[in-house]
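Q: structure-v5.csv (CSV, C-alpha atoms) pasted underneath:
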chain,number,residue,atom,x,y,z
H,15,MET,CA,54.1,-34.4,-89.2
H,16,LYS,CA,52.6,-35.7,-92.4
H,17,TYR,CA,49.0,-34.8,-91.3
H,18,LEU,CA,49.9,-31.2,-90.5
H,19,HIS,CA,48.1,-30.0,-93.7
H,20,LEU,CA,44.9,-31.7,-92.5
H,21,ILE,CA,45.2,-30.2,-89.0
H,22,TRP,CA,45.8,-26.8,-90.5
H,23,SER,CA,42.7,-27.2,-92.7
H,24,ASN,CA,40.6,-27.9,-89.7
H,25,LEU,CA,41.8,-24.7,-88.0
H,26,LYS,CA,40.9,-22.7,-91.1
H,27,ARG,CA,37.4,-24.3,-91.2
H,28,LYS,CA,35.9,-21.6,-89.0
H,29,LYS,CA,38.2,-18.6,-89.6
H,30,VAL,CA,36.4,-16.1,-87.3
H,31,ARG,CA,36.2,-18.5,-84.4
H,32,THR,CA,39.8,-19.5,-84.7
H,33,THR,CA,40.9,-15.9,-85.1
H,34,LEU,CA,39.0,-14.8,-82.0
H,35,THR,CA,40.4,-17.7,-79.9
H,36,PHE,CA,43.9,-16.9,-81.2
H,37,LEU,CA,43.6,-13.3,-80.2
H,38,SER,CA,42.2,-14.2,-76.8
H,39,ILE,CA,45.3,-16.4,-76.1
H,40,LEU,CA,47.6,-13.7,-77.5
H,41,ILE,CA,46.2,-11.0,-75.2
H,42,ALA,CA,46.5,-13.4,-72.2
H,43,PHE,CA,50.2,-13.9,-72.9
H,44,VAL,CA,50.7,-10.2,-73.5
H,45,LEU,CA,49.3,-9.7,-70.0
H,46,PHE,CA,51.5,-12.4,-68.7
H,47,GLY,CA,54.6,-10.7,-70.1
H,48,TYR,CA,53.7,-7.3,-68.6
H,49,MET,CA,52.9,-8.9,-65.2
H,50,VAL,CA,56.3,-10.6,-65.2
H,51,ALA,CA,58.1,-7.4,-66.1
H,52,ILE,CA,56.3,-5.4,-63.4
H,53,LYS,CA,57.2,-8.1,-60.8
H,54,THR,CA,60.8,-8.0,-62.0
H,55,ALA,CA,60.8,-4.2,-61.6
H,56,PHE,CA,59.4,-4.4,-58.0
H,57,ASP,CA,62.0,-7.1,-57.2
H,58,MET,CA,64.6,-4.7,-58.6
H,59,GLY,CA,68.1,-5.6,-57.4
H,60,VAL,CA,67.1,-8.6,-55.4
H,61,SER,CA,68.6,-11.0,-57.8
H,62,VAL,CA,71.9,-9.0,-57.9
H,63,ALA,CA,71.9,-7.8,-54.3
H,64,GLY,CA,75.3,-8.5,-52.8
H,65,ALA,CA,75.3,-11.3,-50.2
H,66,ASP,CA,78.2,-9.5,-48.5
H,67,ARG,CA,76.5,-6.1,-48.3
H,68,LEU,CA,74.5,-4.6,-45.4
H,69,ILE,CA,72.3,-1.6,-45.3
H,70,VAL,CA,72.5,0.4,-42.1
H,71,ARG,CA,69.8,3.0,-41.5
H,72,HIS,CA,68.3,4.9,-38.7
H,73,LYS,CA,66.2,2.6,-36.4
H,74,VAL,CA,63.2,4.8,-36.6
H,75,SER,CA,63.0,5.4,-40.4
H,76,ILE,CA,65.2,5.7,-43.4
H,77,ILE,CA,64.3,9.3,-43.7
H,78,GLN,CA,66.0,10.0,-40.3
H,79,LEU,CA,69.7,10.9,-40.8
H,80,LEU,CA,72.8,9.3,-39.2
H,81,PRO,CA,76.0,11.0,-38.1
H,82,GLU,CA,78.9,10.7,-40.6
H,83,SER,CA,81.1,9.9,-37.6
H,84,TYR,CA,79.6,6.4,-37.4
H,85,GLU,CA,81.6,5.2,-40.4
H,86,ALA,CA,84.9,5.1,-38.5
H,87,ARG,CA,83.4,3.2,-35.6
H,88,MET,CA,81.8,0.6,-37.9
H,89,GLU,CA,85.1,0.0,-39.7
H,90,GLU,CA,86.7,-1.1,-36.4
H,91,LEU,CA,84.1,-3.8,-35.9
H,92,ASP,CA,85.1,-7.4,-36.4
H,93,GLY,CA,84.0,-8.8,-39.8
H,94,VAL,CA,83.6,-5.4,-41.5
H,95,ALA,CA,85.6,-5.1,-44.7
H,96,ASP,CA,84.5,-1.7,-46.0
H,97,VAL,CA,82.0,1.1,-45.2
H,98,THR,CA,80.6,3.9,-47.3
H,99,HIS,CA,77.4,5.9,-47.3
H,100,ALA,CA,74.7,7.6,-49.5
H,101,THR,CA,72.0,10.1,-48.9
H,102,TRP,CA,68.7,10.6,-50.7
H,103,PHE,CA,68.7,13.9,-52.5
H,104,GLY,CA,65.1,13.9,-53.9
H,105,GLY,CA,65.5,16.6,-56.4
H,106,VAL,CA,63.4,17.4,-59.5
H,107,TYR,CA,64.7,17.5,-63.1
H,108,GLN,CA,62.5,19.7,-65.4
H,109,ARG,CA,59.2,18.5,-63.9
H,110,PRO,CA,58.1,16.5,-60.8
H,111,THR,CA,57.1,13.5,-62.8
H,112,ASN,CA,60.8,12.9,-63.8
H,113,PHE,CA,61.5,10.6,-60.9
H,114,PHE,CA,64.9,8.9,-60.5
H,115,ALA,CA,67.3,8.3,-57.6
H,116,GLN,CA,69.8,11.1,-57.0
H,117,MET,CA,72.4,10.5,-54.3
H,118,PRO,CA,75.6,12.2,-53.1
H,119,VAL,CA,78.3,9.6,-52.5
H,120,ARG,CA,82.0,9.2,-52.2
H,121,PRO,CA,82.9,8.1,-55.8
H,122,GLU,CA,85.8,5.6,-55.2
H,123,GLU,CA,84.2,4.0,-52.2
H,124,TYR,CA,80.7,3.7,-53.7
H,125,MET,CA,81.9,2.2,-57.0
H,126,ALA,CA,84.1,-0.3,-55.1
H,127,MET,CA,81.0,-1.2,-53.0
H,128,TYR,CA,79.0,-1.8,-56.3
H,129,PRO,CA,81.3,-3.5,-58.8
H,130,GLU,CA,78.3,-4.3,-60.9
H,131,PHE,CA,78.2,-0.6,-61.9
H,132,LEU,CA,80.6,-0.4,-64.8
H,133,LEU,CA,82.2,3.0,-65.4
H,134,PRO,CA,85.1,3.6,-67.9
H,135,GLU,CA,88.3,4.4,-66.2
H,136,GLU,CA,88.7,7.8,-67.9
H,137,GLN,CA,85.2,8.8,-66.8
H,138,MET,CA,86.0,7.7,-63.2
H,139,GLU,CA,89.1,9.9,-63.3
H,140,ALA,CA,87.0,12.8,-64.6
H,141,TRP,CA,84.5,12.3,-61.8
H,142,MET,CA,87.3,12.4,-59.2
H,143,SER,CA,88.8,15.6,-60.7
H,144,THR,CA,85.5,17.5,-61.2
H,145,ARG,CA,84.0,18.9,-58.0
H,146,THR,CA,80.6,19.3,-59.6
H,147,GLY,CA,80.9,16.1,-61.5
H,148,ALA,CA,78.2,13.5,-61.6
H,149,ILE,CA,77.5,10.2,-63.3
H,150,ALA,CA,74.2,8.7,-64.5
H,151,GLY,CA,73.1,5.2,-65.2
H,152,ARG,CA,72.5,4.2,-68.8
H,153,ALA,CA,68.7,3.9,-68.4
H,154,THR,CA,68.4,7.5,-67.0
H,155,ALA,CA,70.8,8.9,-69.6
H,156,ASP,CA,68.9,7.3,-72.4
H,157,ARG,CA,65.6,8.4,-70.9
H,158,PHE,CA,66.6,12.1,-71.0
H,159,GLY,CA,69.0,12.0,-73.9
H,160,TRP,CA,71.9,13.0,-71.8
H,161,GLN,CA,75.5,12.9,-73.1
H,162,VAL,CA,78.8,13.1,-71.3
H,163,GLY,CA,79.6,16.8,-71.0
H,164,ASP,CA,76.0,18.0,-70.5
H,165,ARG,CA,75.2,20.4,-67.7
H,166,ILE,CA,72.4,18.9,-65.6
H,167,PRO,CA,70.3,21.3,-63.4
H,168,ILE,CA,68.4,19.7,-60.5
H,169,GLN,CA,65.8,21.5,-58.4
H,170,ALA,CA,66.1,20.7,-54.7
H,171,THR,CA,63.0,19.7,-52.7
H,172,ILE,CA,64.9,18.9,-49.5
H,173,TRP,CA,68.5,20.1,-49.7
H,174,LEU,CA,68.7,23.8,-50.5
H,175,ARG,CA,72.1,25.4,-51.2
H,176,GLN,CA,73.6,27.9,-48.9
H,177,GLY,CA,71.7,31.2,-49.2
H,178,GLY,CA,68.5,29.3,-49.9
H,179,GLU,CA,69.2,28.7,-53.6
H,180,GLN,CA,67.2,25.8,-55.0
H,181,THR,CA,69.0,24.9,-58.2
H,182,TRP,CA,72.0,22.6,-58.1
H,183,GLU,CA,74.0,22.2,-61.4
H,184,PHE,CA,76.1,19.2,-62.1
H,185,ASP,CA,78.5,18.3,-65.0
H,186,LEU,CA,77.8,14.9,-66.4
H,187,VAL,CA,81.2,13.3,-66.6
H,188,GLY,CA,80.2,9.6,-67.0
H,189,ILE,CA,77.5,7.1,-67.8
H,190,TYR,CA,77.7,3.7,-66.1
H,191,GLU,CA,76.4,0.4,-67.4
H,192,GLY,CA,75.1,-2.6,-65.5
H,193,ALA,CA,77.0,-5.9,-65.4
H,194,GLU,CA,73.7,-7.7,-65.5
H,195,GLN,CA,70.3,-6.9,-67.0
H,196,ALA,CA,68.7,-6.6,-63.5
H,197,THR,CA,71.4,-4.0,-62.4
H,198,ASP,CA,69.8,-0.7,-61.5
H,199,THR,CA,71.1,1.8,-64.1
H,200,THR,CA,68.7,4.6,-63.1
H,201,GLN,CA,70.8,6.3,-60.4
H,202,PHE,CA,72.3,9.8,-60.6
H,203,LEU,CA,75.4,10.0,-58.4
H,204,PHE,CA,77.4,13.1,-57.5
H,205,ARG,CA,80.1,13.9,-55.0
H,206,TYR,CA,79.4,14.0,-51.3
H,207,ASP,CA,82.1,16.5,-50.5
H,208,TYR,CA,80.6,19.1,-52.9
H,209,PHE,CA,77.1,18.4,-51.5
H,210,ASP,CA,78.1,18.6,-47.9
H,211,GLU,CA,80.0,21.9,-48.3
H,212,ALA,CA,77.3,23.5,-50.4
H,213,ARG,CA,74.1,22.4,-48.5
H,214,GLN,CA,72.3,24.8,-46.2
H,215,MET,CA,71.6,22.4,-43.4
H,216,GLY,CA,72.5,19.0,-42.1
H,217,ARG,CA,76.3,19.1,-42.5
H,218,GLY,CA,77.9,15.9,-41.3
H,219,LEU,CA,74.7,13.9,-41.6
H,220,ILE,CA,74.1,11.1,-44.1
H,221,GLY,CA,71.1,8.9,-45.1
H,222,TRP,CA,72.4,5.4,-44.7
H,223,TYR,CA,75.5,3.3,-44.6
H,224,LEU,CA,76.6,0.5,-47.0
H,225,VAL,CA,78.8,-2.1,-45.3
H,226,ARG,CA,80.7,-4.9,-46.9
H,227,VAL,CA,81.3,-7.9,-44.6
H,228,GLU,CA,84.3,-10.1,-44.9
H,229,ASP,CA,82.3,-13.3,-44.8
H,230,PRO,CA,78.7,-13.4,-46.2
H,231,ASP,CA,77.9,-16.3,-43.8
H,232,ARG,CA,78.5,-13.8,-40.9
H,233,ALA,CA,76.3,-11.1,-42.3
H,234,ALA,CA,73.6,-11.5,-39.6
H,235,GLU,CA,76.2,-11.5,-36.9
H,236,VAL,CA,77.9,-8.4,-38.2
H,237,ALA,CA,74.5,-6.6,-38.6
H,238,ASN,CA,73.7,-7.4,-34.9
H,239,ALA,CA,77.1,-6.1,-33.8
H,240,ILE,CA,76.5,-2.8,-35.6
H,241,ASP,CA,73.2,-2.3,-33.9
H,242,VAL,CA,74.7,-3.2,-30.5
H,243,GLU,CA,77.5,-0.7,-31.1
H,244,PHE,CA,75.0,2.2,-31.5
H,245,ALA,CA,72.4,1.0,-29.0
H,246,ASN,CA,71.2,3.7,-26.6
H,247,SER,CA,72.8,6.4,-28.7
H,248,PRO,CA,70.9,9.5,-30.0
H,249,ALA,CA,70.7,7.8,-33.4
H,250,GLU,CA,70.3,4.1,-33.0
H,251,THR,CA,70.7,1.9,-36.1
H,252,SER,CA,68.9,-0.9,-37.9
H,253,ALA,CA,71.2,-3.1,-40.0
H,254,GLU,CA,70.1,-5.8,-42.4
H,255,THR,CA,71.3,-7.5,-45.6
H,256,GLU,CA,70.9,-5.6,-48.8
H,257,MET,CA,68.5,-8.3,-50.1
H,258,ALA,CA,66.3,-8.0,-47.1
H,259,PHE,CA,66.3,-4.2,-47.5
H,260,VAL,CA,65.3,-4.4,-51.2
H,261,GLN,CA,62.6,-7.0,-50.5
H,262,GLY,CA,61.2,-4.8,-47.8
H,263,PHE,CA,60.7,-2.0,-50.2
H,264,ALA,CA,59.0,-4.3,-52.7
H,265,LYS,CA,56.6,-5.6,-50.0
H,266,GLN,CA,55.5,-2.1,-49.1
H,267,VAL,CA,53.0,-2.2,-52.0
H,268,GLY,CA,51.9,-5.8,-51.2
H,269,ASN,CA,52.8,-9.3,-52.2
H,270,ILE,CA,53.4,-8.7,-55.9
H,271,GLY,CA,54.0,-12.4,-56.6
H,272,ALA,CA,50.7,-13.4,-55.0
H,273,ILE,CA,48.8,-10.6,-56.9
H,274,MET,CA,50.4,-11.7,-60.2
H,275,ILE,CA,49.5,-15.3,-59.6
H,276,GLY,CA,45.9,-14.4,-58.7
H,277,VAL,CA,45.3,-12.2,-61.8
H,278,LEU,CA,47.0,-14.6,-64.2
H,279,SER,CA,45.2,-17.6,-62.8
H,280,ALA,CA,41.8,-15.9,-63.4
H,281,VAL,CA,42.9,-14.9,-66.9
H,282,PHE,CA,44.2,-18.3,-68.0
H,283,PHE,CA,41.3,-20.1,-66.5
H,284,THR,CA,39.0,-18.0,-68.6
H,285,ILE,CA,41.2,-18.6,-71.7
H,286,LEU,CA,41.2,-22.3,-71.0
H,287,LEU,CA,37.4,-22.3,-71.1
H,288,VAL,CA,37.4,-20.4,-74.4
H,289,ALA,CA,40.0,-22.7,-76.0
H,290,GLY,CA,38.3,-25.8,-74.6
H,291,ASN,CA,34.9,-24.7,-76.0
H,292,THR,CA,36.5,-23.9,-79.4
H,293,MET,CA,38.0,-27.4,-79.6
H,294,ALA,CA,34.8,-29.1,-78.4
H,295,GLN,CA,32.8,-27.3,-81.1
H,296,ALA,CA,35.4,-28.1,-83.7
H,297,VAL,CA,35.2,-31.8,-82.9
H,298,ARG,CA,31.3,-31.9,-82.8
H,299,GLU,CA,31.1,-30.2,-86.2
H,300,ARG,CA,33.2,-32.9,-87.9
H,301,LEU,CA,32.1,-36.1,-86.3
H,302,ASN,CA,31.2,-37.5,-89.7
H,303,GLU,CA,34.7,-36.8,-91.0
H,304,ILE,CA,36.2,-38.4,-88.0
H,305,GLY,CA,34.1,-41.5,-88.7
H,306,VAL,CA,35.4,-41.5,-92.3
H,307,LEU,CA,39.0,-41.2,-91.1
H,308,LYS,CA,38.5,-44.2,-88.8
H,309,ALA,CA,36.8,-46.1,-91.6
H,310,ILE,CA,39.8,-45.7,-93.9
H,311,GLY,CA,42.2,-46.9,-91.3
H,312,PHE,CA,43.0,-44.1,-88.9
H,313,THR,CA,43.5,-45.5,-85.4
H,314,ASP,CA,42.1,-44.1,-82.2
H,315,GLY,CA,45.5,-42.9,-81.2
H,316,GLN,CA,46.0,-41.1,-84.4
H,317,VAL,CA,42.7,-39.3,-84.1
H,318,LEU,CA,43.5,-38.4,-80.4
H,319,GLY,CA,46.9,-37.1,-81.5
H,320,MET,CA,45.5,-35.0,-84.4
H,321,VAL,CA,43.0,-33.2,-82.1
H,322,LEU,CA,45.6,-32.6,-79.4
H,323,VAL,CA,48.1,-31.3,-81.9
H,324,GLU,CA,45.4,-29.0,-83.4
H,325,SER,CA,44.7,-27.6,-79.9
H,326,CYS,CA,48.4,-27.2,-79.0
H,327,LEU,CA,49.1,-25.6,-82.4
H,328,LEU,CA,46.4,-22.9,-81.8
H,329,ALA,CA,47.6,-22.3,-78.2
H,330,VAL,CA,51.3,-22.2,-79.1
H,331,LEU,CA,50.7,-19.9,-82.0
H,332,GLY,CA,48.6,-17.5,-79.9
H,333,GLY,CA,51.0,-17.7,-77.0
H,334,GLY,CA,54.1,-17.4,-79.1
H,335,PHE,CA,52.9,-14.4,-81.0
H,336,GLY,CA,51.8,-12.9,-77.6
H,337,LEU,CA,55.2,-13.4,-76.1
H,338,VAL,CA,56.9,-11.9,-79.2
H,339,LEU,CA,54.5,-8.9,-79.2
H,340,VAL,CA,55.0,-8.2,-75.4
H,341,TRP,CA,58.8,-8.5,-75.8
H,342,TYR,CA,58.6,-5.8,-78.5
H,343,LEU,CA,56.3,-3.6,-76.6
H,344,ILE,CA,58.4,-3.8,-73.4
H,345,SER,CA,61.6,-3.2,-75.4
H,346,LEU,CA,60.1,0.2,-76.3
H,347,GLY,CA,60.5,1.2,-72.7
H,348,ASP,CA,58.7,1.6,-69.4
H,349,PRO,CA,55.0,2.5,-70.0
H,350,THR,CA,54.9,4.4,-66.7
H,351,GLY,CA,57.3,7.0,-68.0
H,352,GLY,CA,60.3,5.9,-66.0
H,353,ALA,CA,58.7,5.2,-62.6
H,354,LEU,CA,60.0,1.6,-62.6
H,355,PRO,CA,63.8,1.3,-62.1
H,356,ILE,CA,64.1,-1.6,-64.5
H,357,PHE,CA,61.6,-3.0,-67.0
H,358,PHE,CA,62.3,-6.2,-69.0
H,359,ILE,CA,61.2,-9.8,-69.3
H,360,PRO,CA,63.7,-12.3,-67.9
H,361,ASN,CA,64.7,-15.1,-70.3
H,362,SER,CA,63.2,-17.6,-67.9
H,363,ALA,CA,59.7,-16.1,-68.5
H,364,PHE,CA,59.8,-17.1,-72.1
H,365,ILE,CA,60.5,-20.7,-71.1
H,366,VAL,CA,57.7,-20.6,-68.6
H,367,GLY,CA,55.4,-18.9,-71.2
H,368,THR,CA,56.1,-21.6,-73.8
H,369,ALA,CA,55.4,-24.4,-71.3
H,370,MET,CA,52.1,-22.6,-70.3
H,371,ALA,CA,51.1,-22.4,-74.0
H,372,VAL,CA,51.7,-26.1,-74.5
H,373,GLY,CA,49.9,-26.9,-71.2
H,374,LEU,CA,47.0,-24.8,-72.2
H,375,GLY,CA,46.7,-26.6,-75.6
H,376,LEU,CA,46.9,-30.0,-73.9
H,377,VAL,CA,44.3,-29.3,-71.2
H,378,ALA,CA,41.9,-27.5,-73.6
H,379,GLY,CA,42.1,-30.3,-76.2
H,380,ILE,CA,42.3,-33.5,-74.0
H,381,PHE,CA,38.5,-34.0,-73.5
H,382,PRO,CA,37.5,-33.3,-77.1
H,383,ALA,CA,40.4,-35.5,-78.2
H,384,LEU,CA,39.3,-38.4,-76.0
H,385,GLN,CA,35.7,-38.0,-77.3
H,386,ALA,CA,36.9,-38.2,-80.9
H,387,SER,CA,39.2,-41.2,-80.2
H,388,ARG,CA,36.4,-43.2,-78.5
H,389,LEU,CA,33.9,-42.4,-81.2
H,390,ARG,CA,32.6,-45.5,-83.0
H,391,ILE,CA,32.5,-45.4,-86.7
H,392,ALA,CA,28.8,-46.3,-86.9
H,393,ASP,CA,27.8,-43.6,-84.4
H,394,ALA,CA,29.9,-41.0,-86.2
H,395,LEU,CA,28.5,-41.8,-89.7
H,396,ARG,CA,24.9,-41.7,-88.7
H,397,ARG,CA,25.1,-38.2,-87.2
H,398,ASP,CA,24.3,-35.2,-89.3
Re-express the file's structure as structure tokens.

A:
Amino acid sequence: MKYLHLIWSNLKRKKVRTTLTFLSILIAFVLFGYMVAIKTAFDMGVSVAGADRLIVRHKVSIIQLLPESYEARMEELDGVADVTHATWFGGVYQRPTNFFAQMPVRPEEYMAMYPEFLLPEEQMEAWMSTRTGAIAGRATADRFGWQVGDRIPIQATIWLRQGGEQTWEFDLVGIYEGAEQATDTTQFLFRYDYFDEARQMGRGLIGWYLVRVEDPDRAAEVANAIDVEFANSPAETSAETEMAFVQGFAKQVGNIGAIMIGVLSAVFFTILLVAGNTMAQAVRERLNEIGVLKAIGFTDGQVLGMVLVESCLLAVLGGGFGLVLVWYLISLGDPTGGALPIFFIPNSAFIVGTAMAVGLGLVAGIFPALQASRLRIADALRRD
């Protein structure tokens, strides 16, 4: 735009005011980025949850255990393609604040159930041949600086070893990656056969089952058939799709989406008032100049456009720098120290953020721009 130098000069007229408005917008977009990242973390796995996978847990609570013998009965049901299981270990690494998921699983079955977990073939073979072998997700391995070949001691809080020993030691034989950015790479997985033989109590009991259905459209039907199969048994089941299971966990802390919208609405409404006031003051201070511009041939539309571009430029610069800053800060890692399974800003958030910045500039500048465009030359020139 050939008048960009003029617009930029107007922004530099009151440097302190422009800077404070710029920083206010920047902080608002940094907050926007963190809120989106937190919501993404709480929705962990929902976007990549398998439509053909079911979670089968105890009907009373997920902390109640199920018999390992249920697996064979589920595999006989119509519509079931594959079944495996996992159990929450709940151990501690070095200190209690080092929280991450640790689960004994059957390696081949579990990795087949989750093809989005990418493990090199040689590391899979090492896991199968090492009884005390374990694999860790990339996020957890990077968090603690683990390398393949490390010996990882985990202090049990639930599952003691035979003889009452609390320490379990595992050989890290592999590190898996995620096929997608939203894939959970925080898990620590070790062999169920080693766990079941070495644990002091609960042999033959598991935490929950993972069921792959042949047809995702029949997921609800198969889930109901599983619950009917074990109805009136000592350990009744509750089967649901993996997506419903993950969403249920997220909702335990409240409607994160509604909370985010509420907080951001209040923040951006306040920033809108700040930016709108800045533009209104800027237009009032140069009414004489606007009158001169019109006197030398600038049209009402050109004046309107210049004020709107000035407002949008301020908003887009503040919002853009805010999005870049929050992207950098979030790339440094989870500020909670690893409590969130995944922590990143989806690409779609940058598109939404850019649209919000442009919208903020348009709304903040529209009324001052209309005032400037409707101003008569005589009225403008007679004002001090």

Q: Between H:Thr251, H:Thr197, H:Ser362, H:Thr154, which residue has the minimum interatomic distance to Leu79 in chain H, considering only C-alpha atoms?

A: H:Thr251

Q: From the set H:Ser325, H:Ile76, H:Ala363, H:Glu228, which residue has the shortest atom-to-atom contact distance to Val94 in chain H, counting only C-alpha atoms?

A: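 Using only C-alpha atoms, the shortest distance to Val94 in chain H belongs to H:Glu228.
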
Q: Please return as a count of residues only every residue within 10 Å of (47.1, -15.5, -78.3), taking into account only C-alpha atoms and the file's own coordinates.

A: 25

Q: Using all atoms listed in the file, determine which residues lie at most 6 Å from Arg226 in chain H, disregarding the query and same-chain residues fewer than 5 positions distant; provide the list as a compact mmCIF listing (two decimals) with C-alpha atoms, keeping the file's coordinate frame.

A:
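Writing done, so here's part36.txt:
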# COMPACT_ATOMS: atom_id res chain seq x y z
CA ASP H 66 78.20 -9.50 -48.50
CA ARG H 67 76.50 -6.10 -48.30
CA ALA H 95 85.60 -5.10 -44.70
CA ASP H 96 84.50 -1.70 -46.00

Q: Given only C-alpha atoms as the basis, pick out the residue of H:Ala86, H:Ile166, H:Ala386, H:Ala258 nearest to Gly105 in chain H.

A: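 Smallest distance to Gly105 in chain H is found for H:Ile166.
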